[in-house]
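To start, the structure under review is shown below, and the notes come after it.
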Amino acid sequence: MKKTLFALVFAAAFAHAEDTITIALAGPETGPVTQYGTIQKIGAEAAIDFLNANGGFNGKKLVVKSYDDACEPKQAVTVANQIVNDGVKFVIGHLCSSSTMPAAEIYDENGIVMITAASTSPELSQKGYSTILRTIGTDLQSAPVSAAYIADVIKPKHIALLHDKQAYGQGLVDAVAADLKARGIEPVIVEGVNKGQSDFSALITKLKNANVDFVYWGGFHPEAGAILRQGADQGFKPVFMGADGVDNADLFAIAGSAAEGVLATVPMDFSAAPENAAIVEAIKAKKQDPNGPFVMPSYAAVQVLGEAAKRAGSDDPETIAKTLREGEYDTAIGKISFEKNGDLKDFHSVVYELHADGKKVLKSK
């Protein structure tokens with residue numbers, strides 16, 4: 001009897017496993033940029049809920065498993081190996097480019113499809129990977145928007161380009177610097193700071209002595225907030241611009257009024273698109289915020305996975321990776337298609353002015 005019962009339980013568990021597809025969500029659940037992991041999860045889980053309510057993944061239910069990489073490269077490698085050992089074949093993530101790149105190598109070697117909705121470093125798509133894609137623009141796609149706004153609208157006299165020495169932040173600065181140079185504009189200061197650094201008094205003195213009136217920041221909000229707050233305390237209040245790494249309410253928690261009016265070059269606010277009204281309502285019904293910069297790109301990442309599986313008539317990850325590069329897909333970020341290297345063929349960023357009350361004022365088209 002016991003053997004029979006065990007056999008029935010095992011058979012039921014096996015049947016359940018056969019009827020489900022696990023999707024890994026890899027990103028920061030701990031550490032200073034945890035909020036961005038939450039933003040990614042909101043979009044991906046909303047899309048998974050929708051797919052499960054509408055036939056699933058070729059008739060199979062999607063199951064979510066979260067993995068915390070803390071946006072740390074070494075931990076991302078550990079996470080990637082764990083995902084391989086767990087037999088998971090589809091990943092939404094990682095988030096920070098410095099974590100995504102070492103993890104991507106492991107996934108590609110093991111035939112696992114990874115779609116990042118947040119990592120913008122161009123280096124990711126220069127490796128010749130076949131199973132790695134993204135539903136976000138690269139630094140090379142957003143930098144021209146930043147450079148044009150700096151040159152044509154702000155027209156500063158003394159520019160400083162600062163970054164956090166990480167793949168994402170330094171990559172942003174390198175791309176913006178190249179576009180500014182093409183316009184005949186040279187910064188007076190290009191400098192990196194340490195990730196997690198808290199004292200910027202020496203840097204601020206240097207910026208003041210160079211008469212800097214504009215700062216472009218490549219990195220995330222913790223260091224940006226500290227630079228803004230400490231700068232204001234020292235009477236240093238330049239025009240300040242960043243990218244999606246500063247588009248976070250916690251920037252104001254750190255910098256206070258010094259962050260008012262900060263500029264951010266980020267994806268268009270897809271949550272405002274009429275065609276996404278049902279998605280927005282579904283997210284709000286869970287008492288979650290649909291407005292984060294990676295919510296709709298994460299939603300789109302799950303959408304294209306499901307649609308590619310449907311078109312291919314297969315759950316095989318390498319078949320789906322090939323199908324993803326064929327044709328166009330209607331998604332929460334519009335109609336998209338992929339280059340052979342996994343990048344989006346087109347992605348348009350815009351400049352917003354950020355305010356403490358949560359409002360974002362569109363400053364570019």
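Naming works like this for the structure tokens: A, B, ... for the chains as they're shown, residue 1 at the start of each chain, ligands 1 onward in shown order.
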Exercise. Within region 252-289 of chain A, find each residue whose DSSP state, derived from the backbone, is strand (DSSP E), and express the selection as a list in words.
Key: Leu263, Ala264, Thr265, Val266 and Pro267 of chain A
Could you write out that same residue set with N, CA and C atoms as a PDB file, in the first residue's frame?
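This is the output file again_26.pdb:
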ATOM      1  N   LEU A 263      17.039  65.682 -14.494  1.00  0.00           N
ATOM      2  CA  LEU A 263      16.641  65.175 -15.806  1.00  0.00           C
ATOM      3  C   LEU A 263      17.030  63.708 -15.931  1.00  0.00           C
ATOM      4  N   ALA A 264      16.186  62.923 -16.574  1.00  0.00           N
ATOM      5  CA  ALA A 264      16.467  61.499 -16.756  1.00  0.00           C
ATOM      6  C   ALA A 264      16.096  61.079 -18.169  1.00  0.00           C
ATOM      7  N   THR A 265      17.048  60.481 -18.873  1.00  0.00           N
ATOM      8  CA  THR A 265      16.790  59.926 -20.196  1.00  0.00           C
ATOM      9  C   THR A 265      16.396  58.469 -20.009  1.00  0.00           C
ATOM     10  N   VAL A 266      15.145  58.190 -20.265  1.00  0.00           N
ATOM     11  CA  VAL A 266      14.564  56.890 -19.926  1.00  0.00           C
ATOM     12  C   VAL A 266      13.601  56.438 -21.021  1.00  0.00           C
ATOM     13  N   PRO A 267      13.117  55.193 -20.941  1.00  0.00           N
ATOM     14  CA  PRO A 267      12.082  54.779 -21.888  1.00  0.00           C
ATOM     15  C   PRO A 267      10.833  55.647 -21.747  1.00  0.00           C
TER      16      PRO A 267
END
Practice problem: Can you pull out every residue within 9 Å of Ala47 (chain A), counting only C-alpha atoms, but drop anything in the same chain fewer than 3 positions away, and send it as a list in words? | Solution: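 My list of contacting residues is Ile42, Gly43, Ala44, Phe50, Leu51, Asn52, Ile279, Ser298, Tyr299, Ala300, Ala301, Val302 and Gln303 of chain A.
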Practice problem: Step one, run DSSP on the backbone; step two, keep only residues of region 57-243 of chain A assigned to helix (DSSP H, G or I); then write them as an NGL selection string. | Solution: :A and (73-85 or 97-109 or 122-126 or 139-154 or 167-182 or 201-209 or 221-233)
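Going from CA of Asp152 (chain A) over to CA of Pro293 (chain A), you cover 24.9 Å.
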Exercise: region 309-321 of chain A partners within 6 Å, only C-alpha atoms, chain neighbours under 6 positions left out, as a short mmCIF file (atom, residue, chain, number, x, y, z; two decimals) with all heavy atoms, in the first residue's frame:
data_model
loop_
_atom_site.label_atom_id
_atom_site.label_comp_id
_atom_site.auth_asym_id
_atom_site.auth_seq_id
_atom_site.Cartn_x
_atom_site.Cartn_y
_atom_site.Cartn_z
N ASN A 58 1.92 27.60 -24.47
CA ASN A 58 1.51 26.43 -25.27
C ASN A 58 0.68 25.46 -24.43
O ASN A 58 0.87 24.24 -24.47
CB ASN A 58 2.74 25.71 -25.84
CG ASN A 58 3.31 26.41 -27.05
OD1 ASN A 58 2.64 27.23 -27.68
ND2 ASN A 58 4.55 26.11 -27.39
N VAL A 113 17.31 30.59 -22.54
CA VAL A 113 16.91 31.89 -23.08
C VAL A 113 16.86 32.91 -21.95
O VAL A 113 16.19 32.70 -20.94
CB VAL A 113 15.54 31.83 -23.78
CG1 VAL A 113 15.09 33.23 -24.19
CG2 VAL A 113 15.60 30.91 -24.98
N THR A 131 21.14 32.92 -27.47
CA THR A 131 19.92 32.80 -26.64
C THR A 131 19.69 34.01 -25.75
O THR A 131 18.85 33.97 -24.85
CB THR A 131 19.98 31.54 -25.76
OG1 THR A 131 21.08 31.66 -24.83
CG2 THR A 131 20.14 30.28 -26.60
#
Self-check item: Near-region 96-111 of chain A list (6 Å; only C-alpha atoms; drop same-chain fewer than 2 positions) as an MDAnalysis selection string
Solution: chainID A and resid 71:73 76:77 80 94 119 121 124 131 167:168
Mind writing the picked residues with N, CA, C and O atoms as a PDB file, in the first residue's frame?
ATOM      1  N   CYS A  71      22.438  42.583  -7.665  1.00  0.00           N
ATOM      2  CA  CYS A  71      23.176  43.403  -8.646  1.00  0.00           C
ATOM      3  C   CYS A  71      24.680  43.333  -8.400  1.00  0.00           C
ATOM      4  O   CYS A  71      25.402  44.318  -8.594  1.00  0.00           O
ATOM      5  N   GLU A  72      25.140  42.158  -7.985  1.00  0.00           N
ATOM      6  CA  GLU A  72      26.561  41.919  -7.764  1.00  0.00           C
ATOM      7  C   GLU A  72      27.032  40.835  -8.737  1.00  0.00           C
ATOM      8  O   GLU A  72      26.449  39.746  -8.782  1.00  0.00           O
ATOM      9  N   PRO A  73      28.068  41.096  -9.533  1.00  0.00           N
ATOM     10  CA  PRO A  73      28.505  40.125 -10.553  1.00  0.00           C
ATOM     11  C   PRO A  73      28.793  38.727 -10.020  1.00  0.00           C
ATOM     12  O   PRO A  73      28.374  37.731 -10.626  1.00  0.00           O
ATOM     13  N   ALA A  76      25.653  37.053  -9.213  1.00  0.00           N
ATOM     14  CA  ALA A  76      24.923  36.741 -10.443  1.00  0.00           C
ATOM     15  C   ALA A  76      25.415  35.440 -11.057  1.00  0.00           C
ATOM     16  O   ALA A  76      24.628  34.652 -11.592  1.00  0.00           O
ATOM     17  N   VAL A  77      26.716  35.190 -10.982  1.00  0.00           N
ATOM     18  CA  VAL A  77      27.274  33.930 -11.487  1.00  0.00           C
ATOM     19  C   VAL A  77      26.738  32.749 -10.670  1.00  0.00           C
ATOM     20  O   VAL A  77      26.365  31.709 -11.225  1.00  0.00           O
ATOM     21  N   ALA A  80      23.157  32.233 -11.738  1.00  0.00           N
ATOM     22  CA  ALA A  80      23.067  31.616 -13.057  1.00  0.00           C
ATOM     23  C   ALA A  80      23.351  30.113 -12.986  1.00  0.00           C
ATOM     24  O   ALA A  80      22.649  29.302 -13.608  1.00  0.00           O
ATOM     25  N   HIS A  94      19.092  39.511 -16.236  1.00  0.00           N
ATOM     26  CA  HIS A  94      19.262  40.190 -14.963  1.00  0.00           C
ATOM     27  C   HIS A  94      19.023  41.673 -15.181  1.00  0.00           C
ATOM     28  O   HIS A  94      18.618  42.081 -16.269  1.00  0.00           O
ATOM     29  N   SER A 119      19.103  45.833 -18.726  1.00  0.00           N
ATOM     30  CA  SER A 119      20.543  45.994 -18.967  1.00  0.00           C
ATOM     31  C   SER A 119      20.785  46.650 -20.318  1.00  0.00           C
ATOM     32  O   SER A 119      20.376  46.128 -21.356  1.00  0.00           O
ATOM     33  N   SER A 121      24.016  47.924 -21.455  1.00  0.00           N
ATOM     34  CA  SER A 121      25.393  47.942 -21.947  1.00  0.00           C
ATOM     35  C   SER A 121      25.492  47.311 -23.337  1.00  0.00           C
ATOM     36  O   SER A 121      25.067  46.167 -23.541  1.00  0.00           O
ATOM     37  N   LEU A 124      26.953  43.584 -24.058  1.00  0.00           N
ATOM     38  CA  LEU A 124      26.182  42.343 -23.935  1.00  0.00           C
ATOM     39  C   LEU A 124      25.893  41.720 -25.290  1.00  0.00           C
ATOM     40  O   LEU A 124      25.953  40.496 -25.449  1.00  0.00           O
ATOM     41  N   THR A 131      21.136  32.925 -27.466  1.00  0.00           N
ATOM     42  CA  THR A 131      19.920  32.798 -26.644  1.00  0.00           C
ATOM     43  C   THR A 131      19.694  34.010 -25.748  1.00  0.00           C
ATOM     44  O   THR A 131      18.855  33.973 -24.854  1.00  0.00           O
ATOM     45  N   ALA A 167      29.714  48.591 -15.262  1.00  0.00           N
ATOM     46  CA  ALA A 167      29.435  48.412 -16.692  1.00  0.00           C
ATOM     47  C   ALA A 167      28.314  49.326 -17.172  1.00  0.00           C
ATOM     48  O   ALA A 167      28.419  49.936 -18.244  1.00  0.00           O
ATOM     49  N   TYR A 168      27.256  49.414 -16.391  1.00  0.00           N
ATOM     50  CA  TYR A 168      26.119  50.254 -16.780  1.00  0.00           C
ATOM     51  C   TYR A 168      26.502  51.723 -16.767  1.00  0.00           C
ATOM     52  O   TYR A 168      26.374  52.438 -17.775  1.00  0.00           O
TER      53      TYR A 168
END
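Interatomic distance, CA of Asn276 (chain A) to CA of Lys359 (chain A): 19.2 Å.
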Practice problem: May I ask which of the residues A:Asp357, A:Asp343, A:Glu223, A:Asp250 is the closest one to Gln141 (chain A), counting only C-alpha atoms? | Solution: A:Asp343
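Considering only C-alpha atoms, the residue among A:Phe347, A:Phe220, A:Tyr352, A:Phe294 positioned nearest to Lys165 (chain A) is A:Phe220.
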Quiz prompt | Minimum-distance residue to Ile21 (chain A), chosen among A:Val350, A:Val88, A:Val193, A:Ile185 (using only C-alpha atoms) | solution = A:Val88
Quiz item: Any idea what's packed within 12 Å of Thr38 (chain A), counting only C-alpha atoms, ignoring anything in its chain fewer than 4 positions away? Could you give it as an MDAnalysis selection string?
Solution: chainID A and resid 25:31 33:34 42:45 66 68 70 93 95 248 288:295 298
Self-check item: Residue contacts of Leu324 (chain A) (9 Å, only C-alpha atoms) excluding same-chain residues fewer than 3 positions away, as a ChimeraX atom specification
Solution: /A:133,304-305,307-309,319-321,327-329,337-338,342
So that I have them on file, write out the residues from the current selection with C-alpha atoms, as a PDB file, in the first residue's frame.
ATOM      1  CA  LEU A 133      18.006  39.185 -25.974  1.00  0.00           C
ATOM      2  CA  VAL A 304       7.449  37.767 -26.598  1.00  0.00           C
ATOM      3  CA  LEU A 305       8.507  34.530 -24.918  1.00  0.00           C
ATOM      4  CA  GLU A 307       4.237  34.451 -28.469  1.00  0.00           C
ATOM      5  CA  ALA A 308       7.468  32.950 -29.828  1.00  0.00           C
ATOM      6  CA  ALA A 309       6.631  29.622 -28.173  1.00  0.00           C
ATOM      7  CA  THR A 319      13.955  26.970 -31.043  1.00  0.00           C
ATOM      8  CA  ILE A 320      12.212  29.832 -29.246  1.00  0.00           C
ATOM      9  CA  ALA A 321      15.399  31.946 -29.294  1.00  0.00           C
ATOM     10  CA  GLY A 327       9.121  38.744 -37.460  1.00  0.00           C
ATOM     11  CA  GLU A 328       7.481  41.424 -35.326  1.00  0.00           C
ATOM     12  CA  TYR A 329       5.749  41.251 -31.948  1.00  0.00           C
ATOM     13  CA  SER A 337      11.541  43.125 -33.605  1.00  0.00           C
ATOM     14  CA  PHE A 338      15.018  41.891 -32.803  1.00  0.00           C
ATOM     15  CA  GLY A 342      19.361  40.140 -29.650  1.00  0.00           C
TER      16      GLY A 342
END
Self-check item: Contact residues around Ala177 (chain A) with only C-alpha atoms at 10 Å, ignoring same-chain residues under 2 positions, as JSON, numbers by chain
Solution: {"A": [143, 144, 147, 161, 171, 172, 173, 174, 175, 179, 180, 181, 182, 183, 185, 186, 187, 190, 216]}
Keeping all heavy atoms for every residue in the selection just given, could you write it to a file as a compact mmCIF listing (two decimals), in the first residue's frame?
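New file result-v7.txt:
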# COMPACT_ATOMS: atom_id res chain seq x y z
N ALA A 143 22.02 57.37 -25.72
CA ALA A 143 23.02 58.44 -25.62
C ALA A 143 22.77 59.60 -26.59
O ALA A 143 22.91 60.77 -26.21
CB ALA A 143 24.42 57.88 -25.81
N PRO A 144 22.39 59.33 -27.85
CA PRO A 144 22.13 60.46 -28.75
C PRO A 144 21.01 61.37 -28.27
O PRO A 144 21.05 62.59 -28.52
CB PRO A 144 21.75 59.77 -30.07
CG PRO A 144 22.41 58.43 -30.01
CD PRO A 144 22.31 58.04 -28.56
N ALA A 147 22.65 63.49 -25.49
CA ALA A 147 23.60 64.44 -26.06
C ALA A 147 22.90 65.57 -26.80
O ALA A 147 23.30 66.74 -26.70
CB ALA A 147 24.56 63.71 -27.00
N LEU A 161 31.25 64.71 -16.64
CA LEU A 161 30.67 63.38 -16.83
C LEU A 161 31.18 62.48 -15.71
O LEU A 161 32.38 62.23 -15.60
CB LEU A 161 31.07 62.80 -18.19
CG LEU A 161 30.75 63.64 -19.43
CD1 LEU A 161 31.22 62.92 -20.69
CD2 LEU A 161 29.26 63.94 -19.52
N GLY A 171 29.46 52.71 -19.07
CA GLY A 171 29.01 52.55 -20.46
C GLY A 171 28.17 53.73 -20.91
O GLY A 171 28.30 54.21 -22.05
N LEU A 172 27.29 54.20 -20.02
CA LEU A 172 26.47 55.37 -20.34
C LEU A 172 27.34 56.59 -20.62
O LEU A 172 27.16 57.30 -21.61
CB LEU A 172 25.52 55.69 -19.18
CG LEU A 172 24.21 54.94 -19.10
CD1 LEU A 172 23.51 55.27 -17.79
CD2 LEU A 172 23.30 55.32 -20.27
N VAL A 173 28.29 56.83 -19.72
CA VAL A 173 29.16 58.00 -19.87
C VAL A 173 29.99 57.91 -21.15
O VAL A 173 30.14 58.90 -21.88
CB VAL A 173 30.05 58.16 -18.63
CG1 VAL A 173 31.25 59.07 -18.93
CG2 VAL A 173 29.24 58.74 -17.48
N ASP A 174 30.52 56.74 -21.44
CA ASP A 174 31.32 56.57 -22.65
C ASP A 174 30.49 56.89 -23.90
O ASP A 174 30.97 57.55 -24.84
CB ASP A 174 31.86 55.15 -22.76
CG ASP A 174 32.95 54.86 -21.75
OD1 ASP A 174 33.48 55.81 -21.14
OD2 ASP A 174 33.28 53.67 -21.56
N ALA A 175 29.23 56.42 -23.91
CA ALA A 175 28.36 56.65 -25.07
C ALA A 175 27.99 58.12 -25.21
O ALA A 175 28.00 58.68 -26.31
CB ALA A 175 27.11 55.78 -24.96
N ASP A 179 29.00 60.91 -28.26
CA ASP A 179 28.03 61.71 -29.00
C ASP A 179 28.28 63.21 -28.83
O ASP A 179 28.10 63.99 -29.77
CB ASP A 179 26.61 61.36 -28.56
CG ASP A 179 26.08 60.13 -29.28
OD1 ASP A 179 25.69 60.26 -30.44
OD2 ASP A 179 26.08 59.05 -28.68
N LEU A 180 28.70 63.61 -27.65
CA LEU A 180 29.04 65.02 -27.43
C LEU A 180 30.27 65.41 -28.26
O LEU A 180 30.31 66.49 -28.85
CB LEU A 180 29.30 65.28 -25.95
CG LEU A 180 28.08 65.28 -25.03
CD1 LEU A 180 28.52 65.43 -23.57
CD2 LEU A 180 27.08 66.38 -25.40
N LYS A 181 31.24 64.51 -28.30
CA LYS A 181 32.46 64.79 -29.07
C LYS A 181 32.13 64.98 -30.55
O LYS A 181 32.72 65.84 -31.23
CB LYS A 181 33.46 63.66 -28.88
CG LYS A 181 34.80 63.92 -29.56
CD LYS A 181 35.81 62.82 -29.23
CE LYS A 181 37.17 63.14 -29.86
NZ LYS A 181 38.17 62.09 -29.53
N ALA A 182 31.20 64.17 -31.04
CA ALA A 182 30.79 64.30 -32.45
C ALA A 182 30.16 65.66 -32.72
O ALA A 182 30.12 66.12 -33.87
CB ALA A 182 29.80 63.19 -32.80
N ARG A 183 29.67 66.30 -31.65
CA ARG A 183 29.08 67.63 -31.77
C ARG A 183 30.10 68.72 -31.44
O ARG A 183 29.75 69.89 -31.34
CB ARG A 183 27.88 67.76 -30.84
CG ARG A 183 26.68 66.89 -31.24
CD ARG A 183 25.62 66.87 -30.14
NE ARG A 183 24.40 66.22 -30.59
CZ ARG A 183 23.37 66.85 -31.15
NH1 ARG A 183 23.42 68.17 -31.29
NH2 ARG A 183 22.31 66.19 -31.52
N ILE A 185 31.82 68.95 -28.60
CA ILE A 185 31.73 69.33 -27.19
C ILE A 185 32.60 68.42 -26.36
O ILE A 185 32.47 67.19 -26.41
CB ILE A 185 30.27 69.26 -26.69
CG1 ILE A 185 29.38 70.20 -27.51
CG2 ILE A 185 30.19 69.60 -25.20
CD1 ILE A 185 27.90 70.05 -27.21
N GLU A 186 33.49 69.00 -25.58
CA GLU A 186 34.38 68.23 -24.71
C GLU A 186 34.09 68.58 -23.25
O GLU A 186 34.01 69.75 -22.89
CB GLU A 186 35.84 68.56 -25.01
CG GLU A 186 36.32 68.09 -26.39
CD GLU A 186 36.55 66.59 -26.47
OE1 GLU A 186 36.52 65.93 -25.41
OE2 GLU A 186 36.76 66.10 -27.59
N PRO A 187 33.92 67.58 -22.38
CA PRO A 187 33.70 67.85 -20.96
C PRO A 187 34.98 68.37 -20.31
O PRO A 187 36.09 68.06 -20.77
CB PRO A 187 33.31 66.49 -20.40
CG PRO A 187 33.96 65.50 -21.33
CD PRO A 187 33.93 66.13 -22.68
N VAL A 190 35.92 64.23 -16.56
CA VAL A 190 35.35 62.88 -16.68
C VAL A 190 35.95 62.08 -15.54
O VAL A 190 37.17 61.91 -15.47
CB VAL A 190 35.68 62.22 -18.02
CG1 VAL A 190 35.08 60.81 -18.07
CG2 VAL A 190 35.18 63.05 -19.19
N TYR A 216 26.45 65.12 -15.93
CA TYR A 216 25.77 63.91 -16.40
C TYR A 216 26.28 62.75 -15.55
O TYR A 216 27.49 62.54 -15.43
CB TYR A 216 26.07 63.62 -17.88
CG TYR A 216 25.34 62.39 -18.36
CD1 TYR A 216 24.05 62.48 -18.86
CD2 TYR A 216 25.91 61.12 -18.26
CE1 TYR A 216 23.35 61.36 -19.26
CE2 TYR A 216 25.23 59.98 -18.65
CZ TYR A 216 23.95 60.11 -19.15
OH TYR A 216 23.25 58.98 -19.52
Quiz prompt | Using only C-alpha atoms: which of A:Val351, A:Ala285, A:Ile254, A:Ile159 has the shortest distance to Asp269 (chain A) | solution =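 Result for the nearest residue to Asp269 (chain A): A:Val351.
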